[in-house]
Structure formats: C-alpha cells, structure tokens
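Undergrad: This one is run16.pdb, PDB, C-alpha atoms.
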```
ATOM      1  CA  MET C  22     -66.737  29.213  13.741  1.00  0.00           C
ATOM      2  CA  ASP C  23     -64.621  27.892  10.891  1.00  0.00           C
ATOM      3  CA  LEU C  24     -63.982  24.197  10.319  1.00  0.00           C
ATOM      4  CA  GLU C  25     -60.421  24.248  11.632  1.00  0.00           C
ATOM      5  CA  LYS C  26     -61.540  25.751  14.934  1.00  0.00           C
ATOM      6  CA  LEU C  27     -64.458  23.343  15.152  1.00  0.00           C
ATOM      7  CA  ARG C  28     -62.092  20.414  14.563  1.00  0.00           C
ATOM      8  CA  GLU C  29     -59.747  21.731  17.254  1.00  0.00           C
ATOM      9  CA  SER C  30     -62.661  22.108  19.672  1.00  0.00           C
ATOM     10  CA  HIS C  31     -63.785  18.517  19.044  1.00  0.00           C
ATOM     11  CA  THR C  32     -60.232  17.236  19.459  1.00  0.00           C
ATOM     12  CA  GLU C  33     -59.926  19.032  22.803  1.00  0.00           C
ATOM     13  CA  LYS C  34     -63.247  17.552  23.956  1.00  0.00           C
ATOM     14  CA  ILE C  35     -62.014  14.044  23.094  1.00  0.00           C
ATOM     15  CA  GLU C  36     -58.846  14.660  25.110  1.00  0.00           C
ATOM     16  CA  GLU C  37     -60.921  15.869  28.079  1.00  0.00           C
ATOM     17  CA  LEU C  38     -63.158  12.803  27.961  1.00  0.00           C
ATOM     18  CA  ARG C  39     -60.174  10.454  27.726  1.00  0.00           C
ATOM     19  CA  GLU C  40     -58.608  12.210  30.709  1.00  0.00           C
ATOM     20  CA  HIS C  41     -61.827  11.781  32.710  1.00  0.00           C
ATOM     21  CA  LEU C  42     -61.871   8.074  31.862  1.00  0.00           C
ATOM     22  CA  ARG C  43     -58.198   7.692  32.763  1.00  0.00           C
ATOM     23  CA  LEU C  44     -58.704   9.384  36.124  1.00  0.00           C
ATOM     24  CA  MET C  45     -61.818   7.351  36.864  1.00  0.00           C
ATOM     25  CA  ASP C  46     -59.822   4.145  36.329  1.00  0.00           C
ATOM     26  CA  GLU C  47     -56.684   5.392  38.048  1.00  0.00           C
ATOM     27  CA  LYS C  48     -58.485   6.605  41.166  1.00  0.00           C
ATOM     28  CA  ASP C  49     -61.163   3.875  41.069  1.00  0.00           C
ATOM     29  CA  VAL C  50     -63.912   6.499  41.075  1.00  0.00           C
ATOM     30  CA  ARG C  51     -67.451   5.176  41.511  1.00  0.00           C
ATOM     31  CA  HIS C  52     -70.697   7.016  40.768  1.00  0.00           C
ATOM     32  CA  PHE C  53     -73.997   6.218  42.450  1.00  0.00           C
ATOM     33  CA  ARG C  54     -77.583   7.327  41.963  1.00  0.00           C
ATOM     34  CA  GLN C  55     -80.706   6.678  43.965  1.00  0.00           C
ATOM     35  CA  GLU C  56     -83.935   5.907  42.138  1.00  0.00           C
ATOM     36  CA  GLY C  57     -86.880   7.032  44.277  1.00  0.00           C
ATOM     37  CA  ASP C  58     -86.673   5.544  47.760  1.00  0.00           C
ATOM     38  CA  GLY C  59     -84.679   2.544  46.545  1.00  0.00           C
ATOM     39  CA  PRO C  60     -81.057   1.680  47.264  1.00  0.00           C
ATOM     40  CA  LEU C  61     -78.137   3.411  45.622  1.00  0.00           C
ATOM     41  CA  ALA C  62     -77.231   1.998  42.224  1.00  0.00           C
ATOM     42  CA  ASP C  63     -73.681   1.997  40.860  1.00  0.00           C
ATOM     43  CA  ILE C  64     -73.864   3.835  37.517  1.00  0.00           C
ATOM     44  CA  THR C  65     -70.125   4.081  36.886  1.00  0.00           C
ATOM     45  CA  GLU C  66     -70.172   1.763  33.850  1.00  0.00           C
ATOM     46  CA  LYS C  67     -73.099   3.680  32.339  1.00  0.00           C
ATOM     47  CA  ILE C  68     -71.138   6.908  32.663  1.00  0.00           C
ATOM     48  CA  LYS C  69     -68.033   5.346  31.109  1.00  0.00           C
ATOM     49  CA  ALA C  70     -70.122   3.991  28.223  1.00  0.00           C
ATOM     50  CA  GLU C  71     -71.571   7.454  27.687  1.00  0.00           C
ATOM     51  CA  TYR C  72     -68.059   8.967  27.595  1.00  0.00           C
ATOM     52  CA  TYR C  73     -66.976   6.367  25.006  1.00  0.00           C
ATOM     53  CA  ARG C  74     -70.087   7.118  22.943  1.00  0.00           C
ATOM     54  CA  HIS C  75     -69.239  10.835  23.007  1.00  0.00           C
ATOM     55  CA  ILE C  76     -65.641  10.097  21.945  1.00  0.00           C
ATOM     56  CA  GLU C  77     -66.934   8.049  18.984  1.00  0.00           C
ATOM     57  CA  THR C  78     -69.318  10.835  17.998  1.00  0.00           C
ATOM     58  CA  TYR C  79     -66.643  13.534  18.146  1.00  0.00           C
ATOM     59  CA  SER C  80     -64.261  11.275  16.185  1.00  0.00           C
ATOM     60  CA  ALA C  81     -66.878  10.804  13.459  1.00  0.00           C
ATOM     61  CA  LEU C  82     -67.437  14.554  13.298  1.00  0.00           C
ATOM     62  CA  ILE C  83     -63.684  15.149  12.995  1.00  0.00           C
ATOM     63  CA  ALA C  84     -63.539  12.614  10.148  1.00  0.00           C
ATOM     64  CA  GLN C  85     -66.324  14.506   8.340  1.00  0.00           C
ATOM     65  CA  ILE C  86     -64.557  17.812   8.871  1.00  0.00           C
ATOM     66  CA  ASP C  87     -61.304  16.311   7.562  1.00  0.00           C
ATOM     67  CA  ALA C  88     -63.154  15.094   4.467  1.00  0.00           C
ATOM     68  CA  MET C  89     -64.593  18.572   3.911  1.00  0.00           C
ATOM     69  CA  LEU C  90     -61.152  20.128   4.345  1.00  0.00           C
ATOM     70  CA  GLY C  91     -59.514  17.522   2.111  1.00  0.00           C
ATOM     71  CA  VAL C  92     -57.138  16.382   4.833  1.00  0.00           C
TER
END
```
Starting from the file, give its structure as structure tokens.

TA:
Amino acid sequence: MDLEKLRESHTEKIEELREHLRLMDEKDVRHFRQEGDGPLADITEKIKAEYYRHIETYSALIAQIDAMLGV
C-alpha cells in the first residue's frame, strides 16, 4: 500500500470514529459490562476515551505520512 492510500485509509478511520462518537452523544448510547457476578458497570466513557485515543494516534500517523510526502 502506498503512502497516499495509507493516509486516505487513516483519514477514513478518523471520520468513522468521529461519527461513532457523534451518534453516541446524539442518541445517548450507553455501554455496560459485567465483571464476574458483580453488577453491570457503565463503560461508556472508557469507550469514548478509547475512540479519542485512536483518533489522536491516526492523526499522528497522518502527520508523519505528510512529512514523508512533503505535504
């Protein structure tokens, strides 16, 4: 895969993640997980934080690709 296609792929992934975050906020989506036999725990904020972390990572990779391409 060449750098331009890789950059495009990362850009699309960022857009997908931002859309997921937007829909989660818009529809007030909540995510829960049960640990063992305990009660359900709301993990929505952990998931959102993970999405933001992925967006930052993809953005950093795009910046490196841009530097390599001289953009």

Undergrad: Name the closest residue to C:Leu42 among the candidates C:Ile86, C:Val92, C:Ala81, C:Ile68; distances are taken between atoms, counting all atoms listed in the file.

TA: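 Distance minimum relative to C:Leu42 lands on C:Ile68.
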
Undergrad: Using all atoms listed in the file, which of C:Gly57, C:Asp49, C:Leu90, C:Ile83 sits nearest C:Arg28?

TA: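 For C:Arg28, the nearest of the candidates is C:Ile83.
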
Undergrad: How many Å separate atom CA of C:Tyr79 from atom CA of C:Lys34?

TA: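 So the two atoms, atom CA of C:Tyr79 and atom CA of C:Lys34, lie 7.8 Å apart.
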
Undergrad: Report, in Å with one decimal, the straight-line distance from atom CA of C:Glu56 to atom CA of C:Tyr73.

TA: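 If I compute the distance from atom CA of C:Glu56 to atom CA of C:Tyr73, I get 24.1 Å.
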
Undergrad: From the set C:Arg51, C:His41, C:Lys26, C:His75, which residue has the shortest atom-to-atom contact distance to C:Asp63, counting only C-alpha atoms?

TA: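 Checking each of C:Arg51, C:His41, C:Lys26, C:His75 against C:Asp63, counting only C-alpha atoms, the winner is C:Arg51.
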
Undergrad: So how many Å separate atom CA of C:Leu82 and atom CA of C:Glu25, to one decimal?

TA: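 Answer for the atom CA of C:Leu82 to atom CA of C:Glu25 separation: 12.1 Å.
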
Undergrad: Looking at C:Glu71, C:Leu24, C:Glu40, C:Gln55, which one is nearest to C:Ala88, with distances taken over all atoms listed in the file?

TA: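 Closest to C:Ala88 of all the choices is C:Leu24.
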
Undergrad: Adding 5 Å on each side of the box along x, y and z that holds all listed atoms of stretch 25-30 of chain C, could you give its centre and edge lengths in Å to one decimal, as lines of an AutoDock Vina configuration file?

TA:
```
center_x = -62.1
center_y = 23.1
center_z = 15.7
size_x = 14.7
size_y = 15.3
size_z = 18.0
```

Undergrad: Which of these, C:Met89, C:Ala70, C:Ala84, C:Ile64, has the shortest distance to C:His31 once you count all atoms listed in the file?

TA: C:Ala84

Undergrad: Please complete stretch 29-42 of chain C so it has N, CA and C atoms, and hand it over as a PDB file, in the frame of the given file.

TA:
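rebuild37.pdb was written with the following content:
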```pdb
ATOM      1  N   GLU C  29     -60.581  21.574  16.058  1.00  0.00           N
ATOM      2  CA  GLU C  29     -59.747  21.731  17.254  1.00  0.00           C
ATOM      3  C   GLU C  29     -60.589  21.593  18.527  1.00  0.00           C
ATOM      4  N   SER C  30     -61.762  22.191  18.518  1.00  0.00           N
ATOM      5  CA  SER C  30     -62.661  22.108  19.672  1.00  0.00           C
ATOM      6  C   SER C  30     -63.073  20.657  19.946  1.00  0.00           C
ATOM      7  N   HIS C  31     -63.398  19.922  18.879  1.00  0.00           N
ATOM      8  CA  HIS C  31     -63.785  18.517  19.044  1.00  0.00           C
ATOM      9  C   HIS C  31     -62.610  17.670  19.537  1.00  0.00           C
ATOM     10  N   THR C  32     -61.433  17.964  19.031  1.00  0.00           N
ATOM     11  CA  THR C  32     -60.232  17.236  19.459  1.00  0.00           C
ATOM     12  C   THR C  32     -59.966  17.475  20.943  1.00  0.00           C
ATOM     13  N   GLU C  33     -60.118  18.711  21.387  1.00  0.00           N
ATOM     14  CA  GLU C  33     -59.926  19.032  22.803  1.00  0.00           C
ATOM     15  C   GLU C  33     -60.958  18.308  23.664  1.00  0.00           C
ATOM     16  N   LYS C  34     -62.196  18.232  23.197  1.00  0.00           N
ATOM     17  CA  LYS C  34     -63.247  17.552  23.956  1.00  0.00           C
ATOM     18  C   LYS C  34     -62.924  16.067  24.094  1.00  0.00           C
ATOM     19  N   ILE C  35     -62.411  15.458  23.027  1.00  0.00           N
ATOM     20  CA  ILE C  35     -62.014  14.044  23.094  1.00  0.00           C
ATOM     21  C   ILE C  35     -60.916  13.859  24.130  1.00  0.00           C
ATOM     22  N   GLU C  36     -59.940  14.750  24.134  1.00  0.00           N
ATOM     23  CA  GLU C  36     -58.846  14.660  25.110  1.00  0.00           C
ATOM     24  C   GLU C  36     -59.375  14.789  26.530  1.00  0.00           C
ATOM     25  N   GLU C  37     -60.325  15.703  26.745  1.00  0.00           N
ATOM     26  CA  GLU C  37     -60.921  15.869  28.079  1.00  0.00           C
ATOM     27  C   GLU C  37     -61.644  14.604  28.516  1.00  0.00           C
ATOM     28  N   LEU C  38     -62.420  14.017  27.619  1.00  0.00           N
ATOM     29  CA  LEU C  38     -63.158  12.803  27.961  1.00  0.00           C
ATOM     30  C   LEU C  38     -62.211  11.649  28.265  1.00  0.00           C
ATOM     31  N   ARG C  39     -61.160  11.518  27.470  1.00  0.00           N
ATOM     32  CA  ARG C  39     -60.174  10.454  27.726  1.00  0.00           C
ATOM     33  C   ARG C  39     -59.482  10.662  29.071  1.00  0.00           C
ATOM     34  N   GLU C  40     -59.225  11.913  29.412  1.00  0.00           N
ATOM     35  CA  GLU C  40     -58.608  12.210  30.709  1.00  0.00           C
ATOM     36  C   GLU C  40     -59.563  11.854  31.848  1.00  0.00           C
ATOM     37  N   HIS C  41     -60.837  12.157  31.694  1.00  0.00           N
ATOM     38  CA  HIS C  41     -61.827  11.781  32.710  1.00  0.00           C
ATOM     39  C   HIS C  41     -61.849  10.263  32.893  1.00  0.00           C
ATOM     40  N   LEU C  42     -61.858   9.536  31.783  1.00  0.00           N
ATOM     41  CA  LEU C  42     -61.871   8.074  31.862  1.00  0.00           C
ATOM     42  C   LEU C  42     -60.611   7.556  32.534  1.00  0.00           C
TER      43      LEU C  42
END
```
